[in-house]
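Coordinates as given in structure17.txt (compact mmCIF, C-alpha atoms and all ligand atoms):
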```txt
# COMPACT_ATOMS: atom_id res chain seq x y z
CA MET A 1 -24.16 -0.18 -5.71
CA GLN A 2 -23.67 2.04 -2.66
CA ASN A 3 -23.65 5.85 -2.91
CA PHE A 4 -20.21 7.34 -3.31
CA GLU A 5 -18.17 10.45 -3.94
CA PHE A 6 -15.15 9.96 -6.16
CA TYR A 7 -12.38 12.52 -5.79
CA ASN A 8 -8.86 12.13 -7.06
CA PRO A 9 -6.93 15.26 -8.03
CA THR A 10 -3.53 13.60 -8.64
CA ARG A 11 -2.12 14.16 -12.14
CA VAL A 12 -0.30 11.07 -13.40
CA PHE A 13 2.55 11.15 -15.91
CA PHE A 14 3.19 7.60 -17.02
CA GLY A 15 5.95 6.17 -19.18
CA LYS A 16 9.57 6.28 -20.21
CA GLY A 17 11.25 9.65 -19.88
CA GLN A 18 8.42 11.32 -17.96
CA ILE A 19 10.74 12.62 -15.21
CA GLU A 20 11.43 15.50 -17.61
CA GLN A 21 7.92 16.75 -16.90
CA LEU A 22 9.02 17.88 -13.44
CA ASP A 23 10.18 21.17 -14.89
CA GLY A 24 6.63 22.04 -15.85
CA LEU A 25 5.05 20.65 -12.68
CA VAL A 26 7.09 22.17 -9.87
CA PRO A 27 6.71 25.98 -9.57
CA SER A 28 9.80 27.57 -11.12
CA ASP A 29 10.54 29.70 -8.05
CA ALA A 30 9.99 26.90 -5.53
CA LYS A 31 12.49 25.90 -2.91
CA VAL A 32 12.21 22.13 -3.20
CA MET A 33 12.95 19.44 -0.65
CA VAL A 34 13.60 16.07 -2.31
CA LEU A 35 12.77 13.30 0.18
CA LEU A 36 14.56 9.99 -0.22
CA GLY A 37 14.85 6.55 1.31
CA GLY A 38 18.15 4.75 1.83
CA ASN A 39 20.47 4.84 -1.13
CA SER A 40 18.46 3.35 -3.99
CA ALA A 41 17.48 6.53 -5.88
CA ARG A 42 21.05 7.79 -5.71
CA ALA A 43 22.58 4.46 -6.73
CA THR A 44 20.24 3.91 -9.67
CA GLY A 45 20.68 7.40 -11.14
CA THR A 46 17.05 8.38 -10.61
CA LEU A 47 18.03 11.17 -8.23
CA ASP A 48 20.42 12.68 -10.79
CA GLU A 49 17.68 12.58 -13.39
CA VAL A 50 15.27 14.31 -11.00
CA LYS A 51 17.80 17.02 -10.15
CA ALA A 52 18.53 17.62 -13.83
CA ALA A 53 14.81 18.02 -14.51
CA LEU A 54 14.46 20.51 -11.64
CA LYS A 55 17.01 22.74 -13.42
CA GLN A 56 17.78 26.04 -11.66
CA ARG A 57 15.55 25.47 -8.65
CA ASP A 58 16.93 25.65 -5.16
CA VAL A 59 16.94 22.01 -4.01
CA VAL A 60 17.68 20.49 -0.61
CA GLU A 61 17.64 16.78 0.17
CA PHE A 62 16.28 14.84 3.09
CA ASN A 63 17.80 11.36 3.16
CA GLY A 64 17.03 8.33 5.23
CA ILE A 65 13.29 7.69 5.25
CA GLU A 66 13.26 4.02 6.16
CA PRO A 67 10.94 1.23 4.95
CA ASN A 68 7.86 1.54 7.19
CA PRO A 69 8.67 5.21 7.74
CA THR A 70 9.02 6.31 11.34
CA TYR A 71 7.53 9.30 13.06
CA GLU A 72 10.90 9.85 14.68
CA THR A 73 12.70 10.30 11.33
CA LEU A 74 9.84 12.22 9.75
CA MET A 75 9.82 14.78 12.56
CA GLU A 76 13.46 15.50 11.67
CA ALA A 77 12.29 16.24 8.14
CA VAL A 78 9.55 18.50 9.49
CA ALA A 79 12.16 20.44 11.46
CA ALA A 80 14.34 20.73 8.34
CA VAL A 81 11.41 22.01 6.29
CA LYS A 82 10.64 24.66 8.88
CA ALA A 83 14.28 25.67 9.21
CA SER A 84 14.92 26.13 5.49
CA ASN A 85 11.81 27.83 4.03
CA VAL A 86 11.10 24.91 1.73
CA ASP A 87 7.79 25.40 -0.07
CA PHE A 88 7.49 22.26 -2.21
CA LEU A 89 8.15 18.60 -1.35
CA LEU A 90 9.14 15.94 -3.87
CA ALA A 91 9.15 12.28 -2.82
CA VAL A 92 11.49 10.06 -4.85
CA GLY A 93 11.12 6.40 -3.92
CA GLY A 94 8.68 3.69 -2.93
CA GLY A 95 5.58 3.77 -0.77
CA SER A 96 7.55 4.47 2.39
CA VAL A 97 9.13 7.65 1.04
CA ILE A 98 5.79 8.80 -0.39
CA ASP A 99 3.89 8.03 2.83
CA GLY A 100 6.58 9.77 4.82
CA THR A 101 6.34 12.83 2.59
CA LYS A 102 2.58 12.95 3.09
CA PHE A 103 3.09 13.01 6.83
CA VAL A 104 5.76 15.73 6.56
CA ALA A 105 3.47 17.78 4.29
CA ALA A 106 0.68 17.65 6.88
CA ALA A 107 2.84 17.91 10.00
CA ALA A 108 4.75 20.96 8.76
CA LEU A 109 1.48 22.94 8.80
CA TYR A 110 -0.03 21.31 11.87
CA ASP A 111 -0.45 23.40 14.95
CA GLY A 112 -0.04 21.11 17.94
CA ASP A 113 1.33 17.64 18.58
CA ALA A 114 1.88 16.09 15.13
CA TRP A 115 1.15 12.58 16.45
CA ASP A 116 -2.52 13.75 16.62
CA ILE A 117 -2.51 13.34 12.84
CA MET A 118 -2.09 9.60 13.31
CA THR A 119 -4.31 9.08 16.34
CA SER A 120 -7.15 10.92 14.57
CA PHE A 121 -6.47 8.83 11.41
CA GLY A 122 -6.10 12.13 9.55
CA ALA A 123 -9.31 13.81 10.74
CA LYS A 124 -7.31 16.62 12.34
CA VAL A 125 -5.40 17.51 9.16
CA GLN A 126 -6.63 20.92 7.96
CA ALA A 127 -3.90 21.67 5.42
CA ALA A 128 -0.74 20.24 3.88
CA MET A 129 2.19 21.52 1.89
CA PRO A 130 2.08 20.88 -1.86
CA PHE A 131 4.02 17.81 -2.94
CA GLY A 132 4.61 15.50 -5.88
CA THR A 133 6.14 12.06 -6.27
CA VAL A 134 8.48 10.09 -8.50
CA LEU A 135 7.63 6.44 -7.93
CA THR A 136 10.34 3.77 -8.02
CA LEU A 137 8.46 0.77 -6.59
CA PRO A 138 4.98 -0.31 -7.73
CA ALA A 139 3.08 -1.62 -4.71
CA THR A 140 1.19 0.66 -2.40
CA GLY A 141 -0.80 2.99 -4.66
CA SER A 142 0.35 5.83 -2.39
CA GLU A 143 1.36 7.77 -5.50
CA MET A 144 -2.31 8.30 -6.36
CA ASN A 145 -4.15 8.21 -3.06
CA LYS A 146 -4.56 10.22 0.13
CA GLY A 147 -3.38 7.57 2.58
CA SER A 148 -0.16 7.14 4.51
CA VAL A 149 1.07 4.69 7.12
CA VAL A 150 3.53 5.83 9.79
CA THR A 151 5.23 3.92 12.59
CA ARG A 152 6.11 5.42 15.95
CA LYS A 153 9.03 3.29 16.98
CA SER A 154 8.91 4.19 20.63
CA LEU A 155 5.30 2.97 20.87
CA LYS A 156 5.59 0.12 18.34
CA SER A 157 2.49 1.66 16.71
CA LYS A 158 1.98 1.50 12.97
CA LEU A 159 -1.09 3.57 12.09
CA PRO A 160 -2.71 4.79 8.87
CA PHE A 161 -4.04 8.28 8.17
CA MET A 162 -6.00 9.72 5.28
CA SER A 163 -6.83 13.25 4.28
CA ASN A 164 -8.08 15.01 1.16
CA HIS A 165 -5.16 17.39 1.76
CA THR A 166 -2.56 14.65 1.21
CA PHE A 167 -3.16 13.61 -2.37
CA PRO A 168 0.04 14.16 -4.35
CA GLN A 169 -0.40 17.04 -6.82
CA PHE A 170 1.26 14.85 -9.42
CA SER A 171 3.07 11.54 -9.71
CA VAL A 172 5.62 10.46 -12.28
CA LEU A 173 5.44 6.73 -13.02
CA ASP A 174 8.29 5.57 -15.24
CA PRO A 175 8.39 1.74 -15.38
CA THR A 176 12.08 1.76 -16.35
CA LYS A 177 12.81 3.10 -12.85
CA THR A 178 11.67 -0.24 -11.47
CA TYR A 179 14.24 -2.35 -13.37
CA THR A 180 16.67 -2.18 -10.47
CA LEU A 181 14.25 -3.62 -7.92
CA PRO A 182 15.37 -6.82 -6.20
CA ALA A 183 13.04 -9.80 -6.75
CA ARG A 184 11.92 -9.55 -3.14
CA GLN A 185 10.49 -6.06 -3.70
CA ILE A 186 8.78 -6.99 -6.97
CA ALA A 187 7.12 -9.91 -5.19
CA ASN A 188 6.14 -7.65 -2.29
CA GLY A 189 4.62 -5.15 -4.68
CA VAL A 190 2.57 -7.76 -6.52
CA VAL A 191 1.21 -9.18 -3.27
CA ASP A 192 0.46 -5.76 -1.77
CA ALA A 193 -1.49 -4.71 -4.88
CA PHE A 194 -3.24 -8.09 -4.93
CA VAL A 195 -4.40 -7.73 -1.34
CA HIS A 196 -5.46 -4.09 -1.85
CA THR A 197 -7.73 -5.44 -4.55
CA THR A 198 -9.14 -8.29 -2.48
CA GLU A 199 -9.77 -5.95 0.49
CA GLN A 200 -12.16 -4.00 -1.75
CA TYR A 201 -13.57 -6.98 -3.65
CA LEU A 202 -13.89 -9.97 -1.31
CA THR A 203 -16.74 -8.68 0.84
CA TYR A 204 -20.41 -9.12 -0.18
CA PRO A 205 -22.16 -8.41 -3.49
CA VAL A 206 -23.74 -4.99 -4.08
CA ASN A 207 -24.19 -5.33 -7.84
CA ALA A 208 -21.19 -3.14 -8.60
CA ALA A 209 -20.46 -4.71 -11.96
CA VAL A 210 -17.80 -2.25 -13.10
CA GLN A 211 -15.86 -2.36 -9.83
CA ASP A 212 -16.05 -6.18 -9.74
CA ARG A 213 -14.84 -6.66 -13.31
CA TYR A 214 -12.13 -4.04 -12.81
CA ALA A 215 -10.93 -5.79 -9.64
CA GLU A 216 -10.97 -9.19 -11.35
CA GLY A 217 -8.94 -7.74 -14.23
CA LEU A 218 -6.36 -6.38 -11.81
CA LEU A 219 -6.10 -9.70 -9.96
CA GLN A 220 -5.70 -11.65 -13.21
CA THR A 221 -3.08 -9.18 -14.45
CA LEU A 222 -1.09 -9.60 -11.24
CA ILE A 223 -1.40 -13.40 -11.35
CA GLU A 224 -0.25 -13.49 -14.97
CA GLN A 225 2.41 -10.78 -15.04
CA GLY A 226 3.76 -10.91 -11.48
CA PRO A 227 5.84 -14.04 -12.11
CA GLN A 228 6.93 -12.65 -15.49
CA ALA A 229 8.12 -9.42 -13.88
CA MET A 230 10.31 -11.49 -11.57
CA ALA A 231 11.66 -13.64 -14.39
CA THR A 232 12.47 -10.85 -16.86
CA PRO A 233 13.65 -7.77 -14.99
CA GLU A 234 14.03 -5.41 -17.95
CA ASP A 235 10.81 -6.10 -19.85
CA TYR A 236 9.17 -2.69 -20.24
CA GLU A 237 5.67 -3.91 -21.10
CA ILE A 238 5.48 -6.19 -18.09
CA ARG A 239 6.83 -3.57 -15.70
CA ALA A 240 4.38 -1.03 -17.14
CA ASN A 241 1.45 -3.37 -16.56
CA ILE A 242 2.53 -4.16 -13.01
CA MET A 243 3.03 -0.48 -12.24
CA TRP A 244 -0.36 0.63 -13.49
CA ALA A 245 -2.06 -2.36 -11.85
CA ALA A 246 -0.59 -1.41 -8.46
CA THR A 247 -1.63 2.22 -8.83
CA SER A 248 -5.11 1.27 -10.02
CA ALA A 249 -5.60 -1.12 -7.12
CA LEU A 250 -5.63 1.70 -4.59
CA ASN A 251 -6.53 4.98 -6.28
CA GLY A 252 -10.17 4.84 -5.24
CA THR A 253 -11.65 3.49 -8.46
CA ILE A 254 -12.35 -0.11 -7.48
CA GLY A 255 -13.33 0.89 -3.94
CA ALA A 256 -16.01 3.40 -4.95
CA GLY A 257 -19.52 2.28 -4.07
CA VAL A 258 -18.53 -1.08 -2.58
CA PRO A 259 -18.06 -2.40 0.97
CA GLN A 260 -14.43 -2.67 2.06
CA ASP A 261 -12.65 -4.95 4.49
CA TRP A 262 -9.03 -3.87 5.44
CA ALA A 263 -8.79 -6.30 8.38
CA THR A 264 -5.84 -8.09 6.74
CA HIS A 265 -3.97 -4.78 6.59
CA MET A 266 -4.73 -3.78 10.17
CA ILE A 267 -3.64 -7.15 11.58
CA GLY A 268 -0.61 -7.06 9.25
CA HIS A 269 0.47 -3.66 10.57
CA GLU A 270 0.86 -5.13 14.05
CA LEU A 271 3.05 -7.92 12.65
CA THR A 272 5.33 -5.34 11.05
CA ALA A 273 5.41 -3.14 14.15
CA LEU A 274 6.28 -5.98 16.55
CA HIS A 275 8.24 -8.35 14.31
CA ASP A 276 9.61 -6.14 11.52
CA ILE A 277 8.16 -8.24 8.69
CA ASP A 278 7.82 -6.58 5.26
CA HIS A 279 4.32 -5.13 4.78
CA ALA A 280 3.35 -7.40 1.89
CA ARG A 281 4.58 -10.48 3.71
CA THR A 282 2.29 -9.77 6.63
CA LEU A 283 -0.63 -9.66 4.19
CA ALA A 284 0.37 -12.98 2.65
CA ILE A 285 0.35 -14.49 6.14
CA VAL A 286 -3.00 -13.05 7.24
CA LEU A 287 -5.18 -13.11 4.11
CA PRO A 288 -5.52 -16.88 3.52
CA SER A 289 -6.37 -17.50 7.17
CA LEU A 290 -8.76 -14.54 7.25
CA LEU A 291 -10.59 -15.81 4.17
CA ARG A 292 -10.94 -19.25 5.73
CA HIS A 293 -12.24 -17.70 8.94
CA THR A 294 -14.78 -15.44 7.18
CA LYS A 295 -15.72 -17.77 4.38
CA GLU A 296 -19.40 -18.00 5.32
CA THR A 297 -19.99 -14.23 5.31
CA LYS A 298 -17.88 -13.74 2.18
CA LYS A 299 -19.21 -16.84 0.42
CA ALA A 300 -20.97 -15.19 -2.54
CA LYS A 301 -17.93 -13.12 -3.49
CA LEU A 302 -15.53 -15.97 -2.84
CA VAL A 303 -17.45 -18.19 -5.25
CA GLN A 304 -17.38 -15.39 -7.83
CA TYR A 305 -13.63 -15.00 -7.19
CA ALA A 306 -13.06 -18.72 -7.62
CA GLU A 307 -14.98 -18.87 -10.88
CA ARG A 308 -13.92 -15.64 -12.53
CA VAL A 309 -10.37 -15.10 -11.28
CA TRP A 310 -9.12 -18.68 -10.94
CA GLY A 311 -11.44 -20.32 -13.49
CA ILE A 312 -12.67 -22.90 -10.97
CA LYS A 313 -15.96 -24.03 -12.47
CA THR A 314 -16.53 -27.48 -11.00
CA GLY A 315 -17.41 -28.74 -7.52
CA SER A 316 -19.72 -27.42 -4.84
CA ASP A 317 -19.53 -23.80 -3.72
CA ASP A 318 -17.53 -24.86 -0.69
CA GLU A 319 -15.08 -26.78 -2.81
CA LYS A 320 -14.66 -23.83 -5.16
CA VAL A 321 -14.02 -21.45 -2.26
CA ASP A 322 -11.51 -23.78 -0.62
CA ALA A 323 -9.68 -24.28 -3.90
CA ALA A 324 -9.55 -20.52 -4.59
CA ILE A 325 -8.12 -19.76 -1.14
CA ASN A 326 -5.53 -22.52 -1.57
CA GLN A 327 -4.56 -21.19 -5.00
CA THR A 328 -4.22 -17.68 -3.58
CA GLN A 329 -1.84 -18.96 -0.92
CA ASP A 330 0.09 -21.03 -3.50
CA PHE A 331 0.38 -17.94 -5.69
CA PHE A 332 2.02 -15.97 -2.85
CA GLU A 333 4.36 -18.88 -2.14
CA SER A 334 5.23 -19.16 -5.85
CA LEU A 335 6.52 -15.58 -5.68
CA GLY A 336 8.87 -16.59 -2.89
CA ILE A 337 6.70 -15.16 -0.11
CA ARG A 338 6.15 -17.47 2.84
CA THR A 339 2.63 -17.49 4.20
CA ARG A 340 2.88 -18.95 7.70
CA LEU A 341 3.77 -17.25 10.96
CA LYS A 342 6.21 -20.03 11.77
CA ASP A 343 8.17 -19.18 8.61
CA TYR A 344 9.02 -15.90 10.34
CA GLY A 345 9.79 -17.42 13.73
CA ILE A 346 6.45 -16.41 15.26
CA GLY A 347 4.57 -18.86 17.45
CA GLU A 348 1.39 -19.12 19.47
CA SER A 349 3.03 -17.41 22.43
CA ASP A 350 3.48 -14.24 20.37
CA ILE A 351 -0.22 -13.86 19.57
CA ASP A 352 -1.31 -12.22 22.84
CA ALA A 353 1.04 -9.31 22.31
CA LEU A 354 -0.30 -8.79 18.79
CA LEU A 355 -3.88 -8.79 20.08
CA SER A 356 -3.01 -6.39 22.83
CA GLN A 357 -1.60 -3.92 20.26
CA LEU A 358 -4.72 -4.31 18.10
CA GLY A 359 -6.82 -3.49 21.14
CA LYS A 360 -4.65 -0.50 22.01
CA HIS A 361 -5.09 0.84 18.49
CA GLY A 362 -8.87 0.43 18.52
CA MET A 363 -8.79 -2.34 15.91
CA VAL A 364 -11.55 -4.29 17.63
CA ALA A 365 -14.35 -4.25 15.02
CA LEU A 366 -12.68 -4.91 11.68
CA GLY A 367 -13.97 -6.15 8.33
CA GLU A 368 -16.89 -5.18 6.13
CA HIS A 369 -19.35 -6.18 8.88
CA GLN A 370 -17.20 -4.83 11.74
CA SER A 371 -17.42 -8.38 13.05
CA ILE A 372 -13.71 -9.17 13.42
CA ASP A 373 -13.21 -8.56 17.12
CA LEU A 374 -10.12 -9.54 19.05
CA GLU A 375 -11.36 -13.11 19.45
CA SER A 376 -11.74 -13.41 15.67
CA SER A 377 -8.29 -11.88 15.15
CA ARG A 378 -6.94 -14.50 17.55
CA LYS A 379 -8.52 -17.26 15.49
CA ILE A 380 -7.17 -15.75 12.27
CA LEU A 381 -3.66 -15.58 13.72
CA LEU A 382 -3.92 -19.09 15.14
CA GLY A 383 -5.03 -20.25 11.70
CA ALA A 384 -1.97 -18.62 10.15
CA ARG A 385 0.51 -20.61 12.25
O1 LIG B 1 15.10 3.06 0.89
P1 LIG B 1 15.64 2.87 -0.47
O2 LIG B 1 17.10 2.88 -0.56
O3 LIG B 1 14.98 3.80 -1.46
O4 LIG B 1 15.29 1.34 -0.93
C1 LIG B 1 13.98 0.84 -1.00
C2 LIG B 1 13.60 0.00 0.22
O5 LIG B 1 14.71 -0.62 0.78
C3 LIG B 1 13.91 -0.16 -2.11
N1 LIG B 1 13.67 0.44 -3.44
C4 LIG B 1 12.68 1.30 -3.79
N2 LIG B 1 12.74 1.55 -5.12
C5 LIG B 1 13.80 0.86 -5.59
C6 LIG B 1 14.40 0.15 -4.54
N3 LIG B 1 15.47 -0.63 -4.71
C7 LIG B 1 15.99 -0.72 -5.96
N4 LIG B 1 15.45 -0.09 -7.03
C8 LIG B 1 14.36 0.71 -6.90
N5 LIG B 1 13.81 1.29 -7.97
O6 LIG B 1 12.82 -0.99 -1.77
C9 LIG B 1 12.74 -1.10 -0.36
C10 LIG B 1 11.29 -1.03 0.09
O7 LIG B 1 10.78 0.25 -0.17
P2 LIG B 1 9.39 0.72 0.50
O8 LIG B 1 9.11 2.10 0.01
O9 LIG B 1 9.43 0.49 1.95
O10 LIG B 1 8.34 -0.33 -0.11
P3 LIG B 1 6.82 -0.18 -0.48
O11 LIG B 1 6.63 0.66 -1.68
O12 LIG B 1 6.32 -1.56 -0.52
O13 LIG B 1 6.17 0.62 0.73
C11 LIG B 1 5.77 -0.02 1.91
C12 LIG B 1 5.15 0.97 2.87
O14 LIG B 1 3.93 1.49 2.34
C13 LIG B 1 2.88 1.33 3.29
C14 LIG B 1 3.30 0.09 4.02
O15 LIG B 1 2.63 -0.05 5.24
C15 LIG B 1 4.78 0.30 4.18
O16 LIG B 1 5.04 1.15 5.28
N6 LIG B 1 1.57 1.30 2.60
C16 LIG B 1 1.03 2.44 2.16
C17 LIG B 1 -0.20 2.51 1.56
C18 LIG B 1 -0.79 3.78 1.09
N7 LIG B 1 -0.17 4.91 1.34
O17 LIG B 1 -1.86 3.79 0.49
C19 LIG B 1 -1.03 1.32 1.38
C20 LIG B 1 -0.30 0.05 1.63
O18 LIG B 1 -1.24 -0.86 2.18
C21 LIG B 1 0.83 0.08 2.55
O19 LIG B 1 0.30 -0.10 3.84
ZN ZN B 2 -0.83 -2.65 1.54
```
How would this structure read if it were set down as C-alpha cells?
Ligand code: NZQ
Ligand code: ZN
Amino acid sequence: MQNFEFYNPTRVFFGKGQIEQLDGLVPSDAKVMVLLGGNSARATGTLDEVKAALKQRDVVEFNGIEPNPTYETLMEAVAAVKASNVDFLLAVGGGSVIDGTKFVAAAALYDGDAWDIMTSFGAKVQAAMPFGTVLTLPATGSEMNKGSVVTRKSLKSKLPFMSNHTFPQFSVLDPTKTYTLPARQIANGVVDAFVHTTEQYLTYPVNAAVQDRYAEGLLQTLIEQGPQAMATPEDYEIRANIMWAATSALNGTIGAGVPQDWATHMIGHELTALHDIDHARTLAIVLPSLLRHTKETKKAKLVQYAERVWGIKTGSDDEKVDAAINQTQDFFESLGIRTRLKDYGIGESDIDALLSQLGKHGMVALGEHQSIDLESSRKILLGAR
C-alpha cells in the first residue's frame, strides 16, 4: 500500500427526516444563501422542508445553477453573496449545485481573478466560506469530498478543482429525496459512481486489500441495485444503498493509498464541454474503450475485476479481461446509457477538436502511469466510435 493522509471533515446525516438537523447545524444567527438548480427542489417540496428547518434565520435564494455549473452563473452568485452579507451557504440539489456552491464559497473570499481557482486546480484557494449541502441526487460524491467541476462557457473549458477548504461542513442525505428522480438521472448516478470506483481500482496492484474489497463491494452493489432502483422508484432500502454507495465511491476512502487513473473523467469532460453530453454518459462512452486500450498495463487488476466483480472464473486471462470489459459496457447499456460516440452524433471528424481541448487544458499525461498522451486519447476516442 502507498503512504497516504486521510482527511475528511464532512459530517454526514443520513436517513429519512434528517433535513430537520439543519437547525442544529447552521449557526442560529447566520444569514443563509440557499443555492439551487432549476426547479426540482422547489417542485418536489425539498426546498420548503429546508426553509422550515432553517426556522427564523434570514434566508436568501440563488436559483438557476445549471447541470455542469458555469462560471458565468456562479460569478453572479458570488456578486449576490458579496452584496447581501451572506455568511453561510447551503446547497440544495445534485452534484452541479454542490460543485457550484464550492466554487462560490472559494471565489467569494478570493482576492484576484476567480478563474485562477480553476486554472490552478484549486492550489490558489486559501480560504472558503462555510457551507453545507442537502443532496437530492446520488452520483458525484461531491457531498463528502473537496472537489468541484466548473465549466466556463465562453472558453468551452470544463475543469476540476480541489481544496481542503471546500469540504462541506455537513451533508444531509435523505434517500426519500431521490424518489422524484427521472430514470435518466438514476442511471447517470449509478454509472458515475461506478466509474469513480473503477478510476481508483482499475490501475495496478499495491496490495491494498481493504481498498480493493471495498471497491469491489461498491461495484457489486451498483450492479445489483442500480437496475432495481430504476425499476422500483420508491423503494427506500434500494435508494439508501445507492445513495451511500455513490457517496462512498468518492469520499477518499477507496482512493487512499492506491494509484488512481481519472483519464476517463478528463476525456469525458471535453465531451461534455464541446457536445453537451451528460457527465455520466461521457464516462460510459470512454471507459470501455480506455480499458481495451490500456488492458496490458492494467491486466492484473482487470483479471481481479473479472473474477471478483463479475464472477468470471474460466478462460485465459485475456478472455476474462475481454469478457469483463464487455459486461461492463453491457451493464451501462442495460441502464439505458448508450456507450458509443455515434449514438450521440459524434464522428471521427470531431475527434481533433476534442484532442485540441485536452491539449489546451494540459491533459497530455493522463492515467496511473501518466502514459495517456494525446495520441493515446485519440486511439481511445477512435475506439469509442
Ligand atoms: O437543476 P434541477 O432542477 O435541480 O434538476 C436537476 C438536474 O436537471 C435534476 N435533479 C436533481 N435532483 C433531483 C432532480 N430531479 C428530480 N428530483 C430530484 N431529487 O437532475 C439533473 C442533473 O443534476 P446534476 O446536479 O447536474 O447531476 P449530478 O449530480 O450528476 O452532477 C453532475 C455534475 O457533477 C460533476 C459533473 O462533472 C457534473 O458537472 N462531478 C463532480 C464531482 C465531484 N465534485 O467530486 C465528481 C464527478 O466526477 C463529476 O465530475
Ligand atoms: Zn464523475
_The residues within 12 Å of (-5.5, -5.9, -3.1), using all atoms listed in the file and the coordinates of the file, should be reported as a ChimeraX atom specification; which are they?_
/A:139-141,188-202,214-220,222-223,245-252,254-255,260-265,280,283-284,287,328
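The closest residue to A:Ala365, picked from A:Ile267, A:Ser316, A:Ile351, A:Glu234 and counting only C-alpha atoms, is A:Ile267.
Residues surrounding A:Phe103 within 8 Å are Leu74, Asp99, Gly100, Thr101, Ala105, Ala106, Ala107, Ser148 and Val150 of chain A [all atoms listed in the file; sequence separation below 2 positions excluded].
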_Report as a PyMOL selection string all protein, DNA and RNA residues lying within 6 Å of stretch 297-314 of chain A, evaluated on all atoms listed in the file, omitting residues in the same chain fewer than 2 positions from it._
chain A and resi 202-204+216+294-295+320-321+324
Within 8 Å of (14.1, 12.2, -7.3) (coordinates as in the file), grab all the protein and nucleic acid residues, counting all atoms listed in the file, and write them out as an mmCIF file with C-alpha atoms, keeping the file's coordinate frame.
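Dumped to point-v8.cif:
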```
data_model
loop_
_atom_site.group_PDB
_atom_site.id
_atom_site.type_symbol
_atom_site.label_atom_id
_atom_site.label_comp_id
_atom_site.auth_asym_id
_atom_site.auth_seq_id
_atom_site.Cartn_x
_atom_site.Cartn_y
_atom_site.Cartn_z
ATOM 1 C CA VAL A 34 13.600 16.070 -2.310
ATOM 2 C CA LEU A 35 12.770 13.300 0.180
ATOM 3 C CA LEU A 36 14.560 9.990 -0.220
ATOM 4 C CA ALA A 41 17.480 6.530 -5.880
ATOM 5 C CA THR A 46 17.050 8.380 -10.610
ATOM 6 C CA LEU A 47 18.030 11.170 -8.230
ATOM 7 C CA ASP A 48 20.420 12.680 -10.790
ATOM 8 C CA GLU A 49 17.680 12.580 -13.390
ATOM 9 C CA VAL A 50 15.270 14.310 -11.000
ATOM 10 C CA LYS A 51 17.800 17.020 -10.150
ATOM 11 C CA LEU A 90 9.140 15.940 -3.870
ATOM 12 C CA ALA A 91 9.150 12.280 -2.820
ATOM 13 C CA VAL A 92 11.490 10.060 -4.850
ATOM 14 C CA GLY A 93 11.120 6.400 -3.920
ATOM 15 C CA VAL A 134 8.480 10.090 -8.500
#
```
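With all atoms listed in the file as the atoms that count, the minimum distance from A:Val210 to the choices A:Met266, A:Val125, A:Val258, A:Ala183 is reached by A:Val258.
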If the box runs along x, y and z of the file and leaves 5 Å on each side of stretch 154-162 of chain A, what are its centre and edge lengths in Å, one decimal, as AutoDock Vina command-line options?
```
--center_x 1.5 --center_y 4.9 --center_z 13.1 --size_x 24.9 --size_y 19.6 --size_z 25.6
```
Would you name the residues within 6 Å of ligand LIG 1 (chain B), counting all atoms listed in the file, and put them as an mmCIF file with C-alpha atoms, in the coordinates of the input?
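Result file follows (part.cif):
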```
data_model
loop_
_atom_site.group_PDB
_atom_site.id
_atom_site.type_symbol
_atom_site.label_atom_id
_atom_site.label_comp_id
_atom_site.auth_asym_id
_atom_site.auth_seq_id
_atom_site.Cartn_x
_atom_site.Cartn_y
_atom_site.Cartn_z
ATOM 1 C CA GLY A 37 14.850 6.550 1.310
ATOM 2 C CA GLY A 38 18.150 4.750 1.830
ATOM 3 C CA ASN A 39 20.470 4.840 -1.130
ATOM 4 C CA SER A 40 18.460 3.350 -3.990
ATOM 5 C CA ALA A 41 17.480 6.530 -5.880
ATOM 6 C CA GLU A 66 13.260 4.020 6.160
ATOM 7 C CA PRO A 67 10.940 1.230 4.950
ATOM 8 C CA ASN A 68 7.860 1.540 7.190
ATOM 9 C CA PRO A 69 8.670 5.210 7.740
ATOM 10 C CA GLY A 93 11.120 6.400 -3.920
ATOM 11 C CA GLY A 94 8.680 3.690 -2.930
ATOM 12 C CA GLY A 95 5.580 3.770 -0.770
ATOM 13 C CA SER A 96 7.550 4.470 2.390
ATOM 14 C CA VAL A 97 9.130 7.650 1.040
ATOM 15 C CA ASP A 99 3.890 8.030 2.830
ATOM 16 C CA THR A 136 10.340 3.770 -8.020
ATOM 17 C CA LEU A 137 8.460 0.770 -6.590
ATOM 18 C CA ALA A 139 3.080 -1.620 -4.710
ATOM 19 C CA THR A 140 1.190 0.660 -2.400
ATOM 20 C CA GLY A 141 -0.800 2.990 -4.660
ATOM 21 C CA SER A 142 0.350 5.830 -2.390
ATOM 22 C CA GLY A 147 -3.380 7.570 2.580
ATOM 23 C CA SER A 148 -0.160 7.140 4.510
ATOM 24 C CA VAL A 149 1.070 4.690 7.120
ATOM 25 C CA LYS A 177 12.810 3.100 -12.850
ATOM 26 C CA THR A 178 11.670 -0.240 -11.470
ATOM 27 C CA THR A 180 16.670 -2.180 -10.470
ATOM 28 C CA LEU A 181 14.250 -3.620 -7.920
ATOM 29 C CA GLN A 185 10.490 -6.060 -3.700
ATOM 30 C CA GLY A 189 4.620 -5.150 -4.680
ATOM 31 C CA HIS A 279 4.320 -5.130 4.780
#
```
Excluding same-chain residues fewer than 4 positions from A:Thr272, what lies within 10 Å of it counting all atoms listed in the file, as a compact mmCIF listing (two decimals) with C-alpha atoms, in the coordinates of the input?
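In the end it all went to around36.txt:
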```txt
# COMPACT_ATOMS: atom_id res chain seq x y z
CA ASN A 68 7.86 1.54 7.19
CA THR A 151 5.23 3.92 12.59
CA LYS A 156 5.59 0.12 18.34
CA SER A 157 2.49 1.66 16.71
CA LYS A 158 1.98 1.50 12.97
CA ILE A 267 -3.64 -7.15 11.58
CA GLY A 268 -0.61 -7.06 9.25
CA ASP A 276 9.61 -6.14 11.52
CA ILE A 277 8.16 -8.24 8.69
CA ASP A 278 7.82 -6.58 5.26
CA HIS A 279 4.32 -5.13 4.78
CA ALA A 280 3.35 -7.40 1.89
CA ARG A 281 4.58 -10.48 3.71
CA THR A 282 2.29 -9.77 6.63
```
*Closest to ligand ZN 2 (chain B) among A:Val60, A:Tyr71, A:Gln228, A:His269, using only C-alpha atoms and all ligand atoms?*
A:His269
*asked:* Taking 5 positions as the minimum chain separation for residues in the same chain, which residues sit within 9 Å of A:Ser377 when counting all atoms listed in the file? Answer as a list of chain:residue names.
replied: A:Ala263, A:Ile267, A:Leu290, A:Leu355, A:Leu358, A:Val364, A:Leu366, A:Ile372, A:Leu382
